[in-house]
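Raw contents of data_13.txt, compact mmCIF, C-alpha atoms:
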# COMPACT_ATOMS: atom_id res chain seq x y z
CA MET A 1 -11.66 26.71 55.52
CA ARG A 2 -14.06 23.87 56.23
CA ASN A 3 -15.28 23.83 52.61
CA LYS A 4 -11.68 23.61 51.36
CA PHE A 5 -11.09 20.59 53.61
CA LYS A 6 -14.24 18.88 52.29
CA LEU A 7 -13.17 19.59 48.70
CA ILE A 8 -9.67 18.21 49.28
CA LEU A 9 -11.06 15.13 51.01
CA PHE A 10 -13.53 14.61 48.16
CA LEU A 11 -10.72 14.86 45.57
CA VAL A 12 -8.54 12.41 47.49
CA VAL A 13 -11.40 9.89 47.62
CA ILE A 14 -12.01 10.28 43.86
CA VAL A 15 -8.30 9.75 43.10
CA ILE A 16 -8.23 6.61 45.26
CA ILE A 17 -11.34 5.19 43.59
CA VAL A 18 -10.11 5.92 40.06
CA SER A 19 -6.63 4.51 40.71
CA SER A 20 -8.04 1.34 42.30
CA LEU A 21 -10.31 0.82 39.30
CA TYR A 22 -7.35 1.28 36.97
CA ILE A 23 -5.14 -1.12 38.93
CA SER A 24 -7.84 -3.79 39.16
CA SER A 25 -8.51 -3.52 35.41
CA LYS A 26 -4.86 -4.23 34.57
CA GLU A 27 -5.29 -7.88 33.74
CA LEU A 28 -2.29 -9.97 32.65
CA LEU A 29 -2.93 -11.05 29.06
CA ILE A 30 0.28 -12.80 27.99
CA ASN A 31 3.99 -13.15 28.74
CA LEU A 32 6.44 -12.83 25.86
CA ILE A 33 10.09 -13.62 25.37
CA THR A 34 11.45 -11.06 22.93
CA LYS A 35 14.77 -10.70 21.17
CA ASN A 36 15.97 -7.29 20.04
CA GLU A 37 16.73 -7.42 16.30
CA THR A 38 19.76 -5.15 16.65
CA SER A 39 21.42 -6.04 19.95
CA GLY A 40 20.19 -9.63 20.29
CA GLU A 41 19.18 -8.85 23.89
CA ILE A 42 16.56 -11.23 25.33
CA GLU A 43 13.74 -9.74 27.43
CA TYR A 44 10.88 -11.32 29.35
CA VAL A 45 7.84 -9.06 29.15
CA SER A 46 4.33 -9.23 30.63
CA ILE A 47 1.57 -7.58 28.59
CA TYR A 48 -1.46 -6.25 30.43
CA SER A 49 -4.83 -4.95 29.35
CA HIS A 50 -4.75 -1.34 28.18
CA GLY A 51 -1.48 -2.10 26.33
CA SER A 52 0.83 -1.64 29.29
CA SER A 53 3.86 -3.87 29.76
CA LYS A 54 6.64 -4.52 32.22
CA GLU A 55 9.70 -6.70 32.44
CA THR A 56 9.14 -9.92 34.33
CA ASP A 57 11.17 -12.82 35.66
CA ALA A 58 12.36 -15.49 33.24
CA PHE A 59 9.81 -18.16 32.44
CA LYS A 60 9.56 -21.26 30.27
CA SER A 61 7.78 -20.76 26.97
CA GLU A 62 4.75 -22.85 26.16
CA ASP A 63 4.79 -24.99 23.05
CA PHE A 64 3.46 -23.03 20.10
CA GLU A 65 3.20 -23.33 16.37
CA LEU A 66 4.76 -20.49 14.36
CA TYR A 67 3.50 -19.71 10.88
CA THR A 68 5.25 -17.15 8.71
CA ALA A 69 3.52 -15.45 5.79
CA ASP A 70 5.16 -15.18 2.41
CA SER A 71 6.50 -11.66 1.79
CA ASP A 72 4.06 -11.28 -1.12
CA SER A 73 0.99 -12.06 1.00
CA PHE A 74 -0.13 -8.43 1.12
CA THR A 75 -0.12 -5.58 -1.34
CA SER A 76 -0.32 -2.09 0.12
CA TYR A 77 -2.26 0.78 -1.45
CA ILE A 78 -3.30 4.29 -0.51
CA SER A 79 -6.92 5.20 0.20
CA SER A 80 -8.09 8.45 1.83
CA ASN A 81 -4.47 9.33 2.64
CA LYS A 82 -3.99 6.05 4.52
CA VAL A 83 -1.80 3.12 3.62
CA LEU A 84 -3.99 0.00 3.66
CA ASN A 85 -3.37 -3.62 2.76
CA LYS A 86 -5.05 -6.08 0.45
CA ILE A 87 -4.53 -9.83 0.55
CA ASN A 88 -2.47 -10.81 -2.43
CA LYS A 89 -2.26 -14.51 -1.59
CA ILE A 90 -2.28 -16.56 1.60
CA VAL A 91 0.87 -18.63 1.80
CA LEU A 92 2.07 -19.69 5.25
CA THR A 93 5.00 -21.87 6.19
CA ASP A 94 5.77 -23.50 9.51
CA SER A 95 9.18 -23.47 11.20
CA SER A 96 10.27 -26.42 9.00
CA GLU A 97 9.36 -24.46 5.82
CA ASN A 98 6.37 -26.72 5.12
CA ILE A 99 3.41 -24.96 3.52
CA ILE A 100 0.41 -24.80 5.89
CA ASP A 101 -3.11 -25.45 4.64
CA ASN A 102 -5.34 -22.43 4.81
CA ASP A 103 -8.48 -22.68 6.98
CA GLU A 104 -11.29 -20.37 8.12
CA ILE A 105 -9.30 -18.98 11.07
CA ILE A 106 -6.21 -18.24 8.98
CA THR A 107 -8.37 -16.54 6.34
CA GLY A 108 -10.03 -14.46 9.08
CA ILE A 109 -6.64 -13.40 10.44
CA PHE A 110 -5.49 -12.29 6.99
CA GLN A 111 -8.77 -10.45 6.32
CA SER A 112 -8.43 -8.64 9.65
CA ALA A 113 -4.90 -7.58 8.73
CA GLU A 114 -6.26 -5.69 5.73
CA GLN A 115 -7.32 -3.00 8.26
CA ILE A 116 -3.74 -2.33 9.38
CA GLU A 117 -2.81 1.19 8.31
CA HIS A 118 0.82 0.67 7.29
CA ASP A 119 2.71 -1.39 4.77
CA ILE A 120 3.20 -4.89 6.22
CA LEU A 121 6.82 -5.99 6.07
CA GLU A 122 6.60 -9.28 8.03
CA PHE A 123 3.62 -11.27 9.29
CA GLN A 124 3.82 -14.14 11.80
CA ILE A 125 1.04 -16.15 13.42
CA PHE A 126 1.55 -17.90 16.77
CA LYS A 127 -0.86 -20.69 17.69
CA VAL A 128 -0.95 -21.69 21.35
CA LEU A 129 -3.55 -24.37 22.08
CA ASP A 130 -6.69 -22.80 20.53
CA ASP A 131 -5.47 -19.19 20.73
CA TYR A 132 -3.92 -17.21 17.88
CA PHE A 133 -1.55 -14.24 18.14
CA VAL A 134 0.00 -12.21 15.36
CA LEU A 135 3.24 -10.24 15.17
CA VAL A 136 3.19 -7.65 12.40
CA LYS A 137 6.35 -5.82 11.45
CA LEU A 138 5.56 -2.60 9.65
CA ASN A 139 7.45 -0.76 6.96
CA VAL A 140 7.59 2.76 8.42
CA ASN A 141 10.53 4.82 7.11
CA LEU A 142 13.63 4.25 9.26
CA GLN A 143 11.77 2.74 12.22
CA SER A 144 10.92 -0.91 12.86
CA PRO A 145 7.58 -0.94 14.66
CA CYS A 146 6.26 -4.36 15.61
CA ASP A 147 2.63 -4.72 16.69
CA PHE A 148 1.53 -7.76 18.65
CA TYR A 149 -2.14 -8.73 18.28
CA GLU A 150 -4.52 -11.31 19.66
CA TYR A 151 -6.95 -12.73 17.12
CA ASP A 152 -10.53 -12.74 18.39
CA ILE A 153 -12.01 -15.79 16.67
CA ALA A 154 -15.62 -14.95 17.60
CA ASN A 155 -15.48 -11.37 16.24
CA LYS A 156 -12.94 -12.17 13.52
CA GLU A 157 -10.70 -9.24 14.39
CA LEU A 158 -7.16 -8.49 15.44
CA LYS A 159 -6.92 -6.75 18.81
CA LEU A 160 -3.74 -4.80 19.40
CA MET A 161 -2.09 -5.96 22.61
CA HIS A 162 1.16 -4.00 22.50
CA SER A 163 3.52 -2.13 20.18
CA PHE A 164 7.26 -2.80 20.25
CA ASP A 165 10.25 -1.61 18.29
CA SER A 166 12.65 -3.95 16.45
CA ILE A 167 11.88 -7.25 18.18
CA ASP A 168 11.25 -10.88 17.39
CA VAL A 169 8.99 -12.97 19.60
CA ILE A 170 10.82 -16.17 20.48
CA GLY A 171 8.59 -17.51 23.25
CA LEU A 172 5.30 -16.92 25.00
CA SER A 173 3.20 -18.06 27.89
CA LEU A 174 -0.47 -17.59 28.66
CA PRO A 175 -1.53 -16.67 32.21
CA ARG A 176 -2.86 -19.53 34.32
Show the structure stored in the file as structure tokens.
Amino acid sequence: MRNKFKLILFLVVIVIIVSSLYISSKELLINLITKNETSGEIEYVSIYSHGSSKETDAFKSEDFELYTADSDSFTSYISSNKVLNKINKIVLTDSSENIIDNDEIITGIFQSAEQIEHDILEFQIFKVLDDYFVLVKLNVNLQSPCDFYEYDIANKELKLMHSFDSIDVIGLSLPR
């Protein structure tokens, strides 16, 4: 009986330690204002490390620059039973339809997107201060998956923050 008590106590302590480590590692990465493509419903969402999200209170979006890629920017192809992407041309426009000059960061973002394993339907870049985020809408049968990435400038890679379904990002805010 005493050994069972020690085992149960040990397991409870382990569960507490693991859950506290998980909770403390849930760092707020970004807040997004999303709009459902079908219903038009607006949602305020907080994205945390490990890809988790939750609805949050309304907030004011920070100023950001939005760049939209031309629909012919990527060509998809199949390799080793995976759909991959190749840069066809880098053409970005801002919200006023002005063509944006390509630079090293934009080229890095596009090169990183070549690793995405689905046909890219839409590609948007959000610039907030010196940070870059990317919303990629994928062409996957009858679904409308949307992956939201942060671009790591130092490592020149897209890091998936969260996957959505059928949304547009209309605002964002970085944690203070």
Problem - Pick from A:Ser76, A:Ser71, A:Ser163, A:Ser49, whichever lies nearest to A:Ile90 using only C-alpha atoms - result: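 Ranked by minimum distance to A:Ile90, first place goes to A:Ser71.
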Handout entry: Residue nearest A:Phe148 - candidates A:Ile42, A:Val91, A:Ile47, A:Leu129, atoms counted: only C-alpha atoms
Key =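 Once distances to A:Phe148 are computed over only C-alpha atoms, the minimum belongs to A:Ile47.
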Practice task
Please check which residues have atoms at most 10 Å from (-7.3, -8.7, 7.1) in the file's coordinates, counting all atoms listed in the file, and write them as a ChimeraX atom specification.
Solution key: /A:74,84-87,106-116,156-158
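Across the model, the gap from atom CA of A:Glu117 to atom CA of A:Asp101 is 26.9 Å.
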Exercise for the section: Could you check how far atom CA of A:Glu150 sits from atom CA of A:Ile125, in Å to one decimal? Expected result: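 A separation of 9.7 Å between them.
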Problem - Distance in Å - atom CA of A:Leu92 versus atom CA of A:Asp152 - result: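 Pair atom CA of A:Leu92 / atom CA of A:Asp152 returns 19.5 Å.
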Practice task
Find, counting all atoms listed in the file, the residue in A:Val83, A:Val140, A:Leu32, A:Ile120 that gets nearest to A:Ala58.
Solution key: A:Leu32
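For the residues A:Gly51, A:Asn155, A:Tyr44, A:Cys146, ranking by smallest atom-to-atom distance to A:Leu28 using only C-alpha atoms places A:Gly51 first.
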Handout entry: Nearest to A:Lys82 by atom-to-atom distance, counting only C-alpha atoms, from A:Glu41, A:Glu104, A:Asp119, A:Asp130
Key =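 Using only C-alpha atoms, A:Lys82 sits closest to A:Asp119.
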Practice task
Identify which of the residues A:His50, A:Lys89, A:His162, A:Lys35 lies closest to A:Val134, counting all atoms listed in the file when measuring atom-to-atom distances.
Solution key: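 Among A:His50, A:Lys89, A:His162, A:Lys35, it is A:His162 that comes nearest to A:Val134.
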Problem - Contacts of A:Phe126 within 9 Å, only C-alpha atoms, excl. fewer than 4 positions in-chain, as a list of chain:residue names - result: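 The residues that qualify are A:Phe64, A:Glu65, A:Leu66, A:Tyr67, A:Thr68, A:Asp131, A:Tyr132, A:Phe133, A:Val134, A:Leu135.
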Within 10 Å of A:Ser173 using all atoms listed in the file, minus same-chain residues under 2 positions, as an mmCIF file with C-alpha atoms, in the coordinates of the input:
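File part-v5.cif, as written:
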data_model
loop_
_atom_site.group_PDB
_atom_site.id
_atom_site.type_symbol
_atom_site.label_atom_id
_atom_site.label_comp_id
_atom_site.auth_asym_id
_atom_site.auth_seq_id
_atom_site.Cartn_x
_atom_site.Cartn_y
_atom_site.Cartn_z
ATOM 1 C CA LEU A 29 -2.930 -11.050 29.060
ATOM 2 C CA ILE A 30 0.280 -12.800 27.990
ATOM 3 C CA ASN A 31 3.990 -13.150 28.740
ATOM 4 C CA LEU A 32 6.440 -12.830 25.860
ATOM 5 C CA ILE A 33 10.090 -13.620 25.370
ATOM 6 C CA SER A 46 4.330 -9.230 30.630
ATOM 7 C CA PHE A 59 9.810 -18.160 32.440
ATOM 8 C CA LYS A 60 9.560 -21.260 30.270
ATOM 9 C CA SER A 61 7.780 -20.760 26.970
ATOM 10 C CA GLU A 62 4.750 -22.850 26.160
ATOM 11 C CA ASP A 63 4.790 -24.990 23.050
ATOM 12 C CA PHE A 64 3.460 -23.030 20.100
ATOM 13 C CA VAL A 128 -0.950 -21.690 21.350
ATOM 14 C CA GLY A 171 8.590 -17.510 23.250
ATOM 15 C CA PRO A 175 -1.530 -16.670 32.210
ATOM 16 C CA ARG A 176 -2.860 -19.530 34.320
#
Incomplete stretch 145-166 of chain A filled out to N, CA, C and O atoms as an mmCIF file, in the coordinates of the input:
data_model
loop_
_atom_site.group_PDB
_atom_site.id
_atom_site.type_symbol
_atom_site.label_atom_id
_atom_site.label_comp_id
_atom_site.auth_asym_id
_atom_site.auth_seq_id
_atom_site.Cartn_x
_atom_site.Cartn_y
_atom_site.Cartn_z
ATOM 1 N N PRO A 145 8.654 -0.629 13.710
ATOM 2 C CA PRO A 145 7.580 -0.940 14.660
ATOM 3 C C PRO A 145 7.075 -2.369 14.475
ATOM 4 O O PRO A 145 6.986 -2.864 13.351
ATOM 5 N N CYS A 146 6.781 -3.005 15.595
ATOM 6 C CA CYS A 146 6.260 -4.360 15.610
ATOM 7 C C CYS A 146 5.014 -4.356 16.499
ATOM 8 O O CYS A 146 5.109 -4.058 17.683
ATOM 9 N N ASP A 147 3.883 -4.690 15.923
ATOM 10 C CA ASP A 147 2.630 -4.720 16.690
ATOM 11 C C ASP A 147 2.253 -6.161 16.967
ATOM 12 O O ASP A 147 2.270 -7.011 16.068
ATOM 13 N N PHE A 148 1.914 -6.416 18.226
ATOM 14 C CA PHE A 148 1.530 -7.760 18.650
ATOM 15 C C PHE A 148 0.027 -7.770 18.913
ATOM 16 O O PHE A 148 -0.473 -6.969 19.692
ATOM 17 N N TYR A 149 -0.682 -8.656 18.217
ATOM 18 C CA TYR A 149 -2.140 -8.730 18.280
ATOM 19 C C TYR A 149 -2.603 -10.083 18.814
ATOM 20 O O TYR A 149 -1.915 -11.095 18.652
ATOM 21 N N GLU A 150 -3.792 -10.069 19.373
ATOM 22 C CA GLU A 150 -4.520 -11.310 19.660
ATOM 23 C C GLU A 150 -5.623 -11.382 18.624
ATOM 24 O O GLU A 150 -6.265 -10.372 18.313
ATOM 25 N N TYR A 151 -5.857 -12.578 18.076
ATOM 26 C CA TYR A 151 -6.950 -12.730 17.120
ATOM 27 C C TYR A 151 -8.181 -13.200 17.873
ATOM 28 O O TYR A 151 -8.176 -14.238 18.522
ATOM 29 N N ASP A 152 -9.241 -12.414 17.783
ATOM 30 C CA ASP A 152 -10.530 -12.740 18.390
ATOM 31 C C ASP A 152 -11.308 -13.574 17.380
ATOM 32 O O ASP A 152 -11.825 -13.039 16.392
ATOM 33 N N ILE A 153 -11.372 -14.873 17.612
ATOM 34 C CA ILE A 153 -12.010 -15.790 16.670
ATOM 35 C C ILE A 153 -13.498 -15.488 16.526
ATOM 36 O O ILE A 153 -14.034 -15.489 15.413
ATOM 37 N N ALA A 154 -14.177 -15.192 17.630
ATOM 38 C CA ALA A 154 -15.620 -14.950 17.600
ATOM 39 C C ALA A 154 -15.964 -13.712 16.772
ATOM 40 O O ALA A 154 -16.907 -13.726 15.979
ATOM 41 N N ASN A 155 -15.208 -12.632 16.948
ATOM 42 C CA ASN A 155 -15.480 -11.370 16.240
ATOM 43 C C ASN A 155 -14.667 -11.212 14.963
ATOM 44 O O ASN A 155 -14.802 -10.202 14.265
ATOM 45 N N LYS A 156 -13.798 -12.181 14.712
ATOM 46 C CA LYS A 156 -12.940 -12.170 13.520
ATOM 47 C C LYS A 156 -12.195 -10.847 13.363
ATOM 48 O O LYS A 156 -12.255 -10.184 12.331
ATOM 49 N N GLU A 157 -11.469 -10.481 14.449
ATOM 50 C CA GLU A 157 -10.700 -9.240 14.390
ATOM 51 C C GLU A 157 -9.401 -9.359 15.175
ATOM 52 O O GLU A 157 -9.299 -10.133 16.123
ATOM 53 N N LEU A 158 -8.419 -8.588 14.723
ATOM 54 C CA LEU A 158 -7.160 -8.490 15.440
ATOM 55 C C LEU A 158 -7.280 -7.398 16.485
ATOM 56 O O LEU A 158 -7.714 -6.296 16.180
ATOM 57 N N LYS A 159 -6.889 -7.723 17.719
ATOM 58 C CA LYS A 159 -6.920 -6.750 18.810
ATOM 59 C C LYS A 159 -5.488 -6.459 19.219
ATOM 60 O O LYS A 159 -4.765 -7.355 19.665
ATOM 61 N N LEU A 160 -5.106 -5.200 19.063
ATOM 62 C CA LEU A 160 -3.740 -4.800 19.400
ATOM 63 C C LEU A 160 -3.498 -4.995 20.894
ATOM 64 O O LEU A 160 -4.238 -4.479 21.722
ATOM 65 N N MET A 161 -2.450 -5.744 21.219
ATOM 66 C CA MET A 161 -2.090 -5.960 22.610
ATOM 67 C C MET A 161 -0.963 -5.018 23.038
ATOM 68 O O MET A 161 -0.986 -4.487 24.133
ATOM 69 N N HIS A 162 0.032 -4.845 22.142
ATOM 70 C CA HIS A 162 1.160 -4.000 22.500
ATOM 71 C C HIS A 162 1.978 -3.679 21.244
ATOM 72 O O HIS A 162 2.041 -4.480 20.317
ATOM 73 N N SER A 163 2.614 -2.524 21.252
ATOM 74 C CA SER A 163 3.520 -2.130 20.180
ATOM 75 C C SER A 163 4.951 -2.145 20.701
ATOM 76 O O SER A 163 5.215 -1.660 21.798
ATOM 77 N N PHE A 164 5.843 -2.707 19.916
ATOM 78 C CA PHE A 164 7.260 -2.800 20.250
ATOM 79 C C PHE A 164 8.052 -2.096 19.170
ATOM 80 O O PHE A 164 7.498 -1.616 18.189
ATOM 81 N N ASP A 165 9.373 -2.121 19.324
ATOM 82 C CA ASP A 165 10.250 -1.610 18.290
ATOM 83 C C ASP A 165 11.378 -2.612 18.073
ATOM 84 O O ASP A 165 12.084 -2.977 19.019
ATOM 85 N N SER A 166 11.519 -3.094 16.865
ATOM 86 C CA SER A 166 12.650 -3.950 16.450
ATOM 87 C C SER A 166 12.810 -5.209 17.282
ATOM 88 O O SER A 166 13.886 -5.470 17.814
#
